[in-house]
Amino acid sequence: MPVPISQAWTVASYVLKQKLKGRKQYPLVLMLEPLYRCNLACAGCGKIQYPAHVLKRELSPEECFKAVDECGSPMVSIPGGEPLMHSEIEKIVDGLVARKKYIYLCTNALLLKEKLHLFKPSKYLTFSVHLDGQKEHHDFSVCREGGYELAVEGIKAALERGFRVTTNTTLFDGADPNSVRAFFDEMMELGVEGMMLSPGYSYDKAPDQKHFLGRARTRRLFRAILSNRKPGWQFNQSMLFLEFLMGKRDFKCTPWGMPTYSIFGWQKPCYLLQDGYAETFTELMETTEWANYGTESGNPKCANCMVHSGYEASGVDYTFSSLKGLLATARATLFTSNKDDGALELLNEPVTPVHSYNPLVKISPSADKLERTRA
Ligand code: SF4
C-alpha cells in the first residue's frame with residue numbers, strides 16, 4: 001500500500017467531493033515554503049541563490065495557517081529552504097496537525113536528530129527525507145561530504161521514536177539505475193514507510209545546468225529503474241505518476257494541483273516557475289493563464305518537465321475521473337512487478353556515474369551572506 005489507509009481515504013473522499021462539485025481545477029497538495037534559507041547549497045537547486053535579505057525572511061505560523069485554510073487541500077508539503085531551520089517550525093506543524101492536514105516535512109535531515117524533540121509522532125506528520133541515492137551519489141548531488149550518513153542517522157532516530165518517515169529522491173542525468181535500485185533496497189531495509197521519486201527540473205537559478213534530463217531520457221531512466229520491481233519496494237506516491245515517468249502513459253500538467261505559497265505570496269503558475277505572484281489563492285486560480293503552461297502549450301520552460309509538482313496530481317485526478325482510471329490504479333497498486341525484459345537490458349548498459357568524473361563541489365554562500373542570513 002503506497003500510503004496508509006486513513007490518508008488514502010481522506011484524499012479519495014476529498015477528490016470525489018471536488019468531482020461531485022464539478023471542480024475541474026482543485027488543489028491536492030499545498031507546497032508551503034516558509035523560508036528559502038538552507039544549510040546545504042545543492043548545485044541543482046534554485047532556492048539558495050536568493051540574496052541575503054530574502055534568505056533571512058520567514059513566513060509566520062499565522063501566515064502559514066491562513067494559506068492552508070485558503071487553499072483547503074488535504075495534504076501540505078513543507079519544502080524550502082530547510083524547514084527545520086525555521087524558527088517556529090514546531091508551531092507550524094502543530095497548527096497543521098490540529099487542522100488534520102497530512103504534512104510532508106521535506107528535510108535534508110542534517111538537523112533532524114537534534115530537532116526531533118520539538119515534534120510529536122502523529123499519523124498526520126511525515127518526515128520526507130531528501131536523499132538522492134546511495135552515499136556517493138547523494139553527497140555529490142547535495143555538494144556535501146557526509147550528508148548521506150547524517151541523513152541516515154536522522155532517519156533512524158525518527159523511526160526509533162515512532163515518526164512516519166519517507167524519502168524523496170530527485171534524479172538527474174548520469175544517475176546509475178543499478179545504484180538507484182540498490183538505494184531502494186537500503187531504504188526499505190532502514191524501515192522507511194515509502195519512497196518518492198521525481199526527475200529534476202532545470203531551474204534558471206540552479207548553478208549546475210548540465211545534468212537535467214530531457215523527456216525521452218527521463219522515461220528511459222525510470223523504465224530501467226522501476227521495471228522488474230522488487231516486491232518489498234514501497235512508493236509513497238501515485239502509482240500512475242510512476243507509470244508516467246516510465247513512459248507507460250501520458251498526462252497533461254495540472255499545476256494547480258500543487259500550488260505554492262512562499263514569502264512572496266501565491267506563485268504563478270507552479271512550484272518551479274515564477275511568472276508573478278497573487279495575493280490570495282482565489283486570485284491565483286482566477287488570474288493565472290493556465291493554458292500557457294504544460295508541455296503541450298509549447299512554452300519552452302515546460303518542454304522537458306515531468307516533475308511531480310506538475311504531473312502527480314494529474315495521475316491522482318485520472319484515478320478518480322472514470323472507472324478506467326480506478327482500474328488502472330488498482331492494477332498498478334496490486335501488480336507492481338512491471339516485468340520488462342527490455343528494461344533488464346537497459347540495466348546492463350554501462351553507466352559512468354556523474355560523481356566518478358566530476359569533483360564534488362561545495363557551493364558555499366559567502367561568509368558575509370551567512371552572517372547576514374543567520375536567524
Ligand atoms: S510543465 Fe512543469 S514547469 Fe510547466 S507549469 Fe507544469 S510543472 Fe510547471
# chains A, B, ... in the order shown; residues from 1 in each chain; ligands from 1
>>> residues_near_ligand(ligand="ligand 1", cutoff="6 Å", atoms="only C-alpha atoms and all ligand atoms", output="list in words")
Cys253, Pro255, Pro269, Cys270, Leu272, Leu273, Tyr293, Gly294, Thr295, Lys301, Cys302, Cys305, Ser309 and Gly310 of chain A
>>> select_by_dssp(residues="range 139-240 of chain A", states="helix (DSSP H, G or I)", output="PyMOL selection string")
chain A and resi 139-141+147-160+177-190+215-226+239-240
>>> write_last_selection(atoms="C-alpha atoms", output="PDB file, in the first residue's frame")
ATOM      1  CA  ASP A 139      26.848  13.528  -1.360  1.00  0.00           C
ATOM      2  CA  PHE A 140      27.695  14.620  -4.899  1.00  0.00           C
ATOM      3  CA  SER A 141      24.144  15.742  -5.545  1.00  0.00           C
ATOM      4  CA  GLY A 147      25.440  14.317   4.033  1.00  0.00           C
ATOM      5  CA  TYR A 148      24.200  10.763   3.445  1.00  0.00           C
ATOM      6  CA  GLU A 149      25.394   9.444   6.825  1.00  0.00           C
ATOM      7  CA  LEU A 150      23.830  12.363   8.682  1.00  0.00           C
ATOM      8  CA  ALA A 151      20.528  11.883   6.882  1.00  0.00           C
ATOM      9  CA  VAL A 152      20.521   8.143   7.649  1.00  0.00           C
ATOM     10  CA  GLU A 153      21.232   8.892  11.336  1.00  0.00           C
ATOM     11  CA  GLY A 154      18.282  11.304  11.332  1.00  0.00           C
ATOM     12  CA  ILE A 155      16.025   8.691   9.696  1.00  0.00           C
ATOM     13  CA  LYS A 156      16.988   6.045  12.270  1.00  0.00           C
ATOM     14  CA  ALA A 157      16.363   8.429  15.177  1.00  0.00           C
ATOM     15  CA  ALA A 158      12.955   9.443  13.782  1.00  0.00           C
ATOM     16  CA  LEU A 159      11.912   5.842  13.174  1.00  0.00           C
ATOM     17  CA  GLU A 160      13.005   4.810  16.696  1.00  0.00           C
ATOM     18  CA  PRO A 177      19.843   2.772 -12.478  1.00  0.00           C
ATOM     19  CA  ASN A 178      21.520  -0.168 -10.705  1.00  0.00           C
ATOM     20  CA  SER A 179      22.736   2.114  -7.946  1.00  0.00           C
ATOM     21  CA  VAL A 180      19.259   3.669  -7.590  1.00  0.00           C
ATOM     22  CA  ARG A 181      17.757   0.180  -7.258  1.00  0.00           C
ATOM     23  CA  ALA A 182      20.355  -0.716  -4.616  1.00  0.00           C
ATOM     24  CA  PHE A 183      19.449   2.540  -2.854  1.00  0.00           C
ATOM     25  CA  PHE A 184      15.787   1.420  -2.754  1.00  0.00           C
ATOM     26  CA  ASP A 185      16.937  -1.800  -1.032  1.00  0.00           C
ATOM     27  CA  GLU A 186      18.915   0.235   1.509  1.00  0.00           C
ATOM     28  CA  MET A 187      15.970   2.487   2.298  1.00  0.00           C
ATOM     29  CA  MET A 188      13.485  -0.346   2.713  1.00  0.00           C
ATOM     30  CA  GLU A 189      15.980  -2.129   4.966  1.00  0.00           C
ATOM     31  CA  LEU A 190      16.237   1.031   7.079  1.00  0.00           C
ATOM     32  CA  ARG A 215      11.744  13.783 -21.513  1.00  0.00           C
ATOM     33  CA  ALA A 216      12.998  10.809 -23.557  1.00  0.00           C
ATOM     34  CA  ARG A 217      15.953  10.275 -21.244  1.00  0.00           C
ATOM     35  CA  THR A 218      13.692  10.628 -18.210  1.00  0.00           C
ATOM     36  CA  ARG A 219      11.408   7.842 -19.491  1.00  0.00           C
ATOM     37  CA  ARG A 220      14.365   5.612 -20.312  1.00  0.00           C
ATOM     38  CA  LEU A 221      15.937   6.113 -16.890  1.00  0.00           C
ATOM     39  CA  PHE A 222      12.715   5.500 -14.962  1.00  0.00           C
ATOM     40  CA  ARG A 223      11.840   2.491 -17.129  1.00  0.00           C
ATOM     41  CA  ALA A 224      15.220   0.956 -16.242  1.00  0.00           C
ATOM     42  CA  ILE A 225      14.788   1.740 -12.537  1.00  0.00           C
ATOM     43  CA  LEU A 226      11.125   0.925 -11.987  1.00  0.00           C
ATOM     44  CA  MET A 239       1.379   4.652  -8.974  1.00  0.00           C
ATOM     45  CA  LEU A 240       0.083   6.228 -12.182  1.00  0.00           C
TER      46      LEU A 240
END
>>> residues_around(residues="Ile89 in chain A", least_positions_apart="4", cutoff="9 Å", atoms="only C-alpha atoms", output="compact mmCIF listing (two decimals) with N, CA and C atoms, in the first residue's frame")
# COMPACT_ATOMS: atom_id res chain seq x y z
N PRO A 34 8.01 27.96 3.87
CA PRO A 34 8.03 29.01 4.90
C PRO A 34 9.34 29.78 4.95
N PRO A 61 3.82 31.48 11.56
CA PRO A 61 2.83 30.41 11.63
C PRO A 61 1.45 30.89 11.18
N PRO A 83 13.17 23.42 6.16
CA PRO A 83 12.15 23.81 7.13
C PRO A 83 12.59 23.67 8.59
N LEU A 84 13.53 22.75 8.86
CA LEU A 84 13.97 22.61 10.27
C LEU A 84 14.80 23.82 10.72
N MET A 85 15.17 24.71 9.79
CA MET A 85 15.87 25.94 10.19
C MET A 85 14.89 27.06 10.50
N VAL A 93 3.87 23.08 12.41
CA VAL A 93 3.46 21.66 12.33
C VAL A 93 2.29 21.40 13.27
N ASP A 94 2.38 21.89 14.51
CA ASP A 94 1.27 21.66 15.47
C ASP A 94 -0.05 22.21 14.92
N LEU A 118 11.19 18.50 19.22
CA LEU A 118 10.19 19.57 19.01
C LEU A 118 8.85 19.02 18.54
>>> closest_residue(among="A:Leu171, A:Ile5, A:Ala328, A:Leu28", to="Cys71 in chain A", atoms="only C-alpha atoms")
A:Leu28
>>> select_by_dssp(residues="range 22-148 of chain A", states="strand (DSSP E)", output="list in words")
Val29, Leu30, Met31, Leu32, Met75, Val76, Ser77, Ile78, Tyr102, Ile103, Tyr104, Leu105, Cys106, Thr107, Leu125, Thr126, Phe127, Ser128, Val129 and His130 of chain A
>>> residues_around(residues="Gln234 in chain A", least_positions_apart="5", cutoff="10 Å", atoms="only C-alpha atoms", output="ChimeraX atom specification")
/A:1-3,166,184,187-188,192-196,229,336
>>> closest_residue(among="A:Ala175, A:Ile103, A:Leu16, A:Val97", to="Gly133 in chain A", atoms="only C-alpha atoms")
A:Ala175
>>> atom_distance(atom1="CA of Met31 in chain A", atom2="CA of Ser77 in chain A")
4.9 Å
